[in-house]
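Visitor: Take a look at final-v9.tsv, TSV, C-alpha atoms and all ligand atoms:
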chain	number	residue	atom	x	y	z
Q	21	MET	CA	-17.57	3.83	28.98
Q	22	SER	CA	-20.28	3.50	26.43
Q	23	LEU	CA	-19.25	3.77	22.81
Q	24	SER	CA	-22.01	4.86	20.57
Q	25	PRO	CA	-21.00	4.51	16.95
Q	26	LEU	CA	-23.67	5.33	14.46
Q	27	GLU	CA	-25.42	2.22	13.28
Q	28	PRO	CA	-26.36	2.54	9.66
Q	29	ASN	CA	-29.57	0.65	9.18
Q	30	ALA	CA	-28.75	-3.01	9.01
Q	31	MET	CA	-28.48	-3.27	5.27
Q	32	PRO	CA	-29.29	-6.83	4.30
Q	33	SER	CA	-26.97	-8.05	1.60
Q	34	THR	CA	-28.64	-8.01	-1.79
Q	35	ILE	CA	-26.53	-11.04	-2.69
Q	36	PRO	CA	-28.10	-14.26	-1.39
Q	37	ASP	CA	-26.25	-16.98	0.46
Q	38	ILE	CA	-23.57	-14.97	2.21
Q	39	ALA	CA	-22.28	-17.03	5.13
Q	40	TYR	CA	-20.31	-15.30	7.87
Q	41	ARG	CA	-17.87	-17.24	10.03
Q	42	GLU	CA	-15.33	-16.42	12.70
Q	43	VAL	CA	-11.96	-18.14	12.67
Q	44	THR	CA	-9.30	-18.27	15.36
Q	45	VAL	CA	-5.87	-16.74	14.82
Q	46	ASP	CA	-4.29	-20.11	14.04
Q	47	ARG	CA	-6.45	-20.08	10.87
Q	48	ILE	CA	-5.47	-16.57	9.82
Q	49	ASP	CA	-4.09	-17.98	6.56
Q	50	GLU	CA	-7.71	-18.22	5.39
Q	51	VAL	CA	-7.62	-14.45	4.71
Q	52	ARG	CA	-4.31	-14.58	2.82
Q	53	LEU	CA	-5.68	-14.35	-0.74
Q	54	LEU	CA	-8.16	-11.60	0.12
Q	55	TRP	CA	-5.47	-9.67	2.04
Q	56	GLU	CA	-3.22	-9.86	-1.02
Q	57	LYS	CA	-6.04	-8.34	-3.09
Q	58	LEU	CA	-6.41	-5.58	-0.48
Q	59	ASN	CA	-2.67	-4.95	-0.64
Q	60	GLY	CA	-2.85	-4.69	-4.43
Q	61	TYR	CA	-5.76	-2.26	-4.08
Q	62	HIS	CA	-3.75	-0.15	-1.61
Q	63	SER	CA	-0.68	-0.13	-3.85
Q	64	ARG	CA	-2.74	1.46	-6.64
Q	65	LEU	CA	-4.12	4.25	-4.45
Q	66	SER	CA	-1.09	6.50	-4.09
Q	67	PRO	CA	1.80	6.49	-6.55
Q	68	HIS	CA	4.27	7.52	-3.83
Q	69	LEU	CA	3.29	4.51	-1.70
Q	70	ALA	CA	3.05	1.95	-4.49
Q	71	GLU	CA	6.60	0.59	-4.23
Q	72	GLU	CA	6.56	0.26	-0.46
Q	73	ILE	CA	3.14	-1.37	-0.37
Q	74	GLY	CA	4.00	-3.65	-3.26
Q	75	CYS	CA	6.84	-5.09	-1.14
Q	76	ARG	CA	4.57	-5.98	1.76
Q	77	THR	CA	3.77	-9.62	2.26
Q	78	PHE	CA	0.99	-11.37	4.07
Q	79	ASP	CA	3.56	-13.19	6.21
Q	80	HIS	CA	4.79	-9.87	7.64
Q	81	ARG	CA	1.24	-8.73	8.33
Q	82	LYS	CA	0.45	-12.09	9.87
Q	83	LEU	CA	3.33	-11.72	12.36
Q	84	ASP	CA	1.94	-8.35	13.42
Q	85	LEU	CA	-1.59	-9.69	13.83
Q	86	VAL	CA	-0.48	-12.77	15.75
Q	87	ALA	CA	1.48	-10.45	18.08
Q	88	ARG	CA	-1.71	-8.42	18.57
Q	89	ALA	CA	-3.60	-11.58	19.40
Q	90	ASN	CA	-0.98	-12.55	21.97
Q	91	ALA	CA	-0.99	-9.10	23.58
Q	92	GLY	CA	-4.75	-8.58	23.54
Q	93	LYS	CA	-7.71	-9.96	21.61
Q	94	ILE	CA	-8.29	-10.38	17.91
Q	95	ARG	CA	-11.38	-11.22	15.89
Q	96	ILE	CA	-11.21	-12.58	12.36
Q	97	GLU	CA	-14.39	-12.93	10.36
Q	98	LEU	CA	-14.85	-14.08	6.80
Q	99	ALA	CA	-17.82	-13.92	4.46
Q	100	ALA	CA	-18.34	-16.63	1.86
Q	101	HIS	CA	-20.55	-16.85	-1.18
Q	102	GLY	CA	-21.06	-20.54	-1.75
Q	103	GLU	CA	-17.62	-22.13	-1.46
Q	104	ARG	CA	-15.77	-18.91	-2.18
Q	105	ASP	CA	-14.47	-16.49	0.46
Q	106	ILE	CA	-15.30	-12.99	-0.74
Q	107	ALA	CA	-14.74	-10.67	2.22
Q	108	TYR	CA	-13.18	-10.44	5.64
Q	109	CYS	CA	-12.75	-8.16	8.62
Q	110	ILE	CA	-9.99	-8.32	11.23
Q	111	SER	CA	-10.39	-6.33	14.40
Q	112	SER	CA	-8.44	-6.25	17.65
Q	113	VAL	CA	-8.49	-4.84	21.15
Q	114	GLN	CA	-5.34	-4.00	23.07
Q	115	ALA	CA	-4.97	-4.76	26.75
Q	116	GLY	CA	-5.74	-1.10	27.61
Q	117	GLY	CA	-9.09	-1.27	25.80
Q	118	VAL	CA	-8.19	0.57	22.59
Q	119	ALA	CA	-9.89	-1.21	19.72
Q	120	GLU	CA	-8.88	-1.12	16.08
Q	121	VAL	CA	-10.45	-2.17	12.83
Q	122	ASP	CA	-7.28	-3.66	11.37
Q	123	SER	CA	-8.39	-4.72	7.94
Q	124	VAL	CA	-11.62	-4.90	5.95
Q	125	PHE	CA	-11.98	-6.06	2.39
Q	126	VAL	CA	-14.85	-7.02	0.12
Q	127	ASP	CA	-13.97	-8.53	-3.26
Q	128	THR	CA	-14.69	-6.14	-6.12
Q	129	GLN	CA	-17.75	-7.76	-7.66
Q	130	PHE	CA	-19.47	-8.06	-4.28
Q	131	ARG	CA	-19.08	-4.43	-3.20
Q	132	GLY	CA	-21.99	-2.13	-2.61
Q	133	SER	CA	-24.27	-4.93	-1.39
Q	134	GLY	CA	-24.03	-4.36	2.34
Q	135	ILE	CA	-21.38	-6.98	3.11
Q	136	GLY	CA	-18.81	-4.44	4.37
Q	137	THR	CA	-21.51	-2.81	6.50
Q	138	GLU	CA	-22.46	-6.16	7.99
Q	139	LEU	CA	-18.85	-7.06	8.77
Q	140	LEU	CA	-18.23	-3.70	10.43
Q	141	ARG	CA	-21.50	-3.87	12.34
Q	142	ARG	CA	-20.43	-7.24	13.76
Q	143	ALA	CA	-16.96	-5.92	14.67
Q	144	LEU	CA	-18.51	-2.92	16.47
Q	145	ALA	CA	-20.83	-5.24	18.39
Q	146	TRP	CA	-17.79	-7.27	19.48
Q	147	PHE	CA	-15.97	-4.10	20.57
Q	148	ARG	CA	-18.94	-3.29	22.79
Q	149	ASP	CA	-19.02	-6.82	24.21
Q	150	VAL	CA	-15.34	-6.65	25.19
Q	151	ARG	CA	-15.82	-3.14	26.58
Q	152	ALA	CA	-13.43	-1.32	24.26
Q	153	THR	CA	-12.74	2.22	25.41
Q	154	SER	CA	-12.15	3.76	21.97
Q	155	ILE	CA	-12.16	2.54	18.40
Q	156	ILE	CA	-9.70	3.57	15.72
Q	157	VAL	CA	-9.11	2.71	12.11
Q	158	SER	CA	-6.17	3.66	9.94
Q	159	VAL	CA	-7.05	4.50	6.34
Q	160	MET	CA	-4.45	4.68	3.59
Q	161	HIS	CA	-3.88	8.05	1.94
Q	162	GLY	CA	-6.08	8.27	-1.15
Q	163	ASN	CA	-8.68	5.75	0.04
Q	164	ASP	CA	-11.50	8.28	0.07
Q	165	SER	CA	-14.24	5.71	-0.40
Q	166	ALA	CA	-13.10	3.92	2.78
Q	167	VAL	CA	-13.22	7.25	4.65
Q	168	ALA	CA	-16.81	7.69	3.43
Q	169	PHE	CA	-17.60	4.13	4.46
Q	170	TYR	CA	-16.33	4.62	8.04
Q	171	GLN	CA	-17.94	8.04	8.36
Q	172	ARG	CA	-21.33	6.38	7.94
Q	173	PHE	CA	-20.68	4.66	11.26
Q	174	GLY	CA	-19.66	7.87	13.02
Q	175	PHE	CA	-15.88	7.66	12.61
Q	176	ARG	CA	-14.32	11.08	12.02
Q	177	PRO	CA	-10.81	11.92	10.75
Q	178	ARG	CA	-8.44	12.83	13.54
Q	179	ALA	CA	-4.88	13.27	12.23
Q	180	ILE	CA	-2.87	12.96	9.06
Q	181	LEU	CA	0.32	10.99	9.55
Q	182	MET	CA	3.10	12.27	7.28
Q	183	ARG	CA	6.46	10.63	6.86
Q	184	LEU	CA	9.83	11.55	5.46
Q	185	SER	CA	11.26	8.42	3.85
Q	186	GLY	CA	14.71	7.59	2.55
Q	187	GLU	CA	16.75	6.19	5.40
Q	188	ASN	CA	20.47	5.55	5.07
Q	189	THR	CA	21.72	2.12	6.02
Q	190	ASP	CA	22.69	3.49	9.46
Q	191	GLY	CA	19.08	4.45	10.09
Q	192	ARG	CA	19.51	8.23	9.66
Q	193	VAL	CA	17.14	9.98	7.31
Q	194	GLY	CA	19.03	10.82	4.13
Q	195	LEU	CA	18.18	14.39	3.18
P	1	LIG	C1	-14.81	-0.26	1.92
P	1	LIG	C2	-15.48	-1.61	1.70
P	1	LIG	C3	-14.96	-2.62	2.74
P	1	LIG	C4	-16.98	-1.45	1.86
P	1	LIG	O1	-17.59	-2.71	1.67
P	1	LIG	P1	-18.94	-2.82	0.79
P	1	LIG	O2	-19.50	-4.17	1.00
P	1	LIG	O3	-18.65	-2.40	-0.59
P	1	LIG	O4	-19.80	-1.71	1.53
P	1	LIG	P2	-21.37	-1.63	1.60
P	1	LIG	O5	-22.03	-2.30	0.46
P	1	LIG	O6	-21.75	-2.09	2.96
P	1	LIG	O7	-21.56	-0.08	1.41
P	1	LIG	C5	-21.70	0.78	2.48
P	1	LIG	C6	-21.53	2.22	2.04
P	1	LIG	O8	-20.16	2.53	1.93
P	1	LIG	C7	-19.96	3.35	0.80
P	1	LIG	N1	-19.00	2.68	-0.08
P	1	LIG	C8	-18.54	1.45	0.07
P	1	LIG	N2	-17.66	1.18	-0.90
P	1	LIG	C9	-17.57	2.28	-1.65
P	1	LIG	C10	-16.83	2.59	-2.81
P	1	LIG	N3	-15.95	1.71	-3.37
P	1	LIG	N4	-16.97	3.80	-3.33
P	1	LIG	C11	-17.84	4.67	-2.78
P	1	LIG	N5	-18.57	4.43	-1.68
P	1	LIG	C12	-18.44	3.23	-1.14
P	1	LIG	C13	-21.23	3.57	0.11
P	1	LIG	O9	-21.57	4.91	0.39
P	1	LIG	C14	-22.21	2.63	0.76
P	1	LIG	O10	-23.32	3.39	1.11
P	1	LIG	P3	-24.65	3.38	0.25
P	1	LIG	O11	-25.35	2.15	0.65
P	1	LIG	O12	-25.30	4.64	0.68
P	1	LIG	O13	-24.25	3.37	-1.19
P	1	LIG	C15	-15.22	-2.16	0.27
P	1	LIG	O14	-15.64	-1.20	-0.66
P	1	LIG	C16	-13.77	-2.52	0.01
P	1	LIG	O15	-13.36	-3.64	0.25
P	1	LIG	N6	-12.98	-1.57	-0.49
P	1	LIG	C17	-11.61	-1.82	-0.83
P	1	LIG	C18	-10.76	-2.12	0.38
P	1	LIG	C19	-10.81	-1.02	1.40
P	1	LIG	O16	-10.76	0.15	1.10
P	1	LIG	N7	-10.86	-1.44	2.67
P	1	LIG	C20	-10.81	-0.55	3.78
P	1	LIG	C21	-9.39	-0.39	4.18
P	1	LIG	S1	-9.20	0.76	5.53
Using structure tokens, write down the structure from this file.
Ligand SMILES: CC(C)(COP(=O)(O)OP(=O)(O)OC[C@H]1O[C@@H](n2cnc3c(N)ncnc32)[C@H](O)[C@@H]1OP(=O)(O)O)[C@@H](O)C(=O)NCCC(=O)NCCS

Guide:
Amino acid sequence: MSLSPLEPNAMPSTIPDIAYREVTVDRIDEVRLLWEKLNGYHSRLSPHLAEEIGCRTFDHRKLDLVARANAGKIRIELAAHGERDIAYCISSVQAGGVAEVDSVFVDTQFRGSGIGTELLRRALAWFRDVRATSIIVSVMHGNDSAVAFYQRFGFRPRAILMRLSGENTDGRVGL
């Protein structure tokens, strides 16, 4: 199958000296600080999600991503400005060919310079190389700018996942 995401014109970063590098999953800790900033950003998006997201830790996310790597393929890419890591993108492909953009983050002061576009462009090229059959991305409720960002590449909203929280200790939903 040929995936044909839109390719926004390669937008060269207006910030000089951005170095992109791929790291293997055993070096996933290199994204820890940036992931924690992304988690903080997410926790400020929706008041009803703030508490839950605030409790998330990188170590939990790391377990999930390592499991993805073991079950399929994962790609971790960082962008650095000088010595400082300022952005990353994690993407994965499951054994059945379904690809996912798991996490993308560009540090605040470096946004709007094409770095996110470049990271996503590289992830999409990888998805094509590994013959992904479809590509998904999950966007947190309230993250409208991320929706706009992905739409530029041809992603379109598909479903809204709603959840009733408040489980009792025995696992039943407490109504
Ligand atoms: C979304 C994100 C990764 C984009 O990275 P970026 O380097 O800022 O993006 P680019 O400079 O490549 O911008 C690409 C386009 O996306 C849109 N865009 C990106 N960030 C935006 C923002 N914060 N608000 C509005 N539009 C934004 C712009 O329309 C821009 O298009 P333009 O060139 O016509 O202005 C970055 O803003 C970010 O890290 N946001 C916070 C974390 C996040 O939401 N991650 C996605 C989780 S699913």

Visitor: May I have the residues within 12 Å of Q:Ile106 as a ChimeraX atom specification, using only C-alpha atoms and disregarding those fewer than 2 positions away in the same chain?

Guide: /Q:35,37-41,50-55,57-58,97-104,108-109,124-131,135-136,139

Visitor: If you count all atoms listed in the file, which residues end up within 8 Å of ligand LIG 1 (chain P), as a ChimeraX atom specification?

Guide: /Q:31,33,58,61-62,107,121-128,130-138,157-160,163-170,172

Visitor: List every protein, DNA or RNA residue with an atom no more than 6 Å from (-16.0, -11.2, 15.0) in the file's coordinates, counting all atoms listed in the file, and format the result as number ranges by chain.

Guide: Q: 42, 95-97, 143

Visitor: Would you mind reading off the distance between atom CA of Q:Leu69 and atom CA of Q:Glu120, one decimal, in Å?

Guide: 22.3 Å

Visitor: Could you work out how far atom CA of Q:Ser111 lies from atom CA of Q:Arg142, giving the answer in Å with one decimal?

Guide: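 So the answer is 10.1 Å.
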
Visitor: What is the atom CA of Q:Asp149 to atom CA of Q:Gln171 distance in Å?

Guide: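 These two atoms are separated by 21.8 Å.
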
Visitor: Between Q:Leu184, Q:Leu85, Q:Ala70, Q:Ile110, which one has atoms that come closest to Q:Val43, using all atoms listed in the file?

Guide: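 The answer is Q:Ile110, which sits nearest to Q:Val43.
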
Visitor: From the set Q:Thr153, Q:Asp79, Q:Ala145, Q:Leu140, which residue has the shortest atom-to-atom contact distance to Q:Gln114, counting all atoms listed in the file?

Guide: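 Result for the nearest residue to Q:Gln114: Q:Thr153.
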
Visitor: List as a ChimeraX atom specification the protein and nucleic acid residues near Q:Ala119, meaning an atom at most 6 Å away when all atoms listed in the file are counted, but skip any in the same chain fewer than 3 places from it.

Guide: /Q:112-113,152,154-155

Visitor: Measuring atom to atom with all atoms listed in the file, identify which of Q:Val150, Q:Val45, Q:Ile180, Q:Ala87 is nearest to Q:Val118.

Guide: Q:Val150
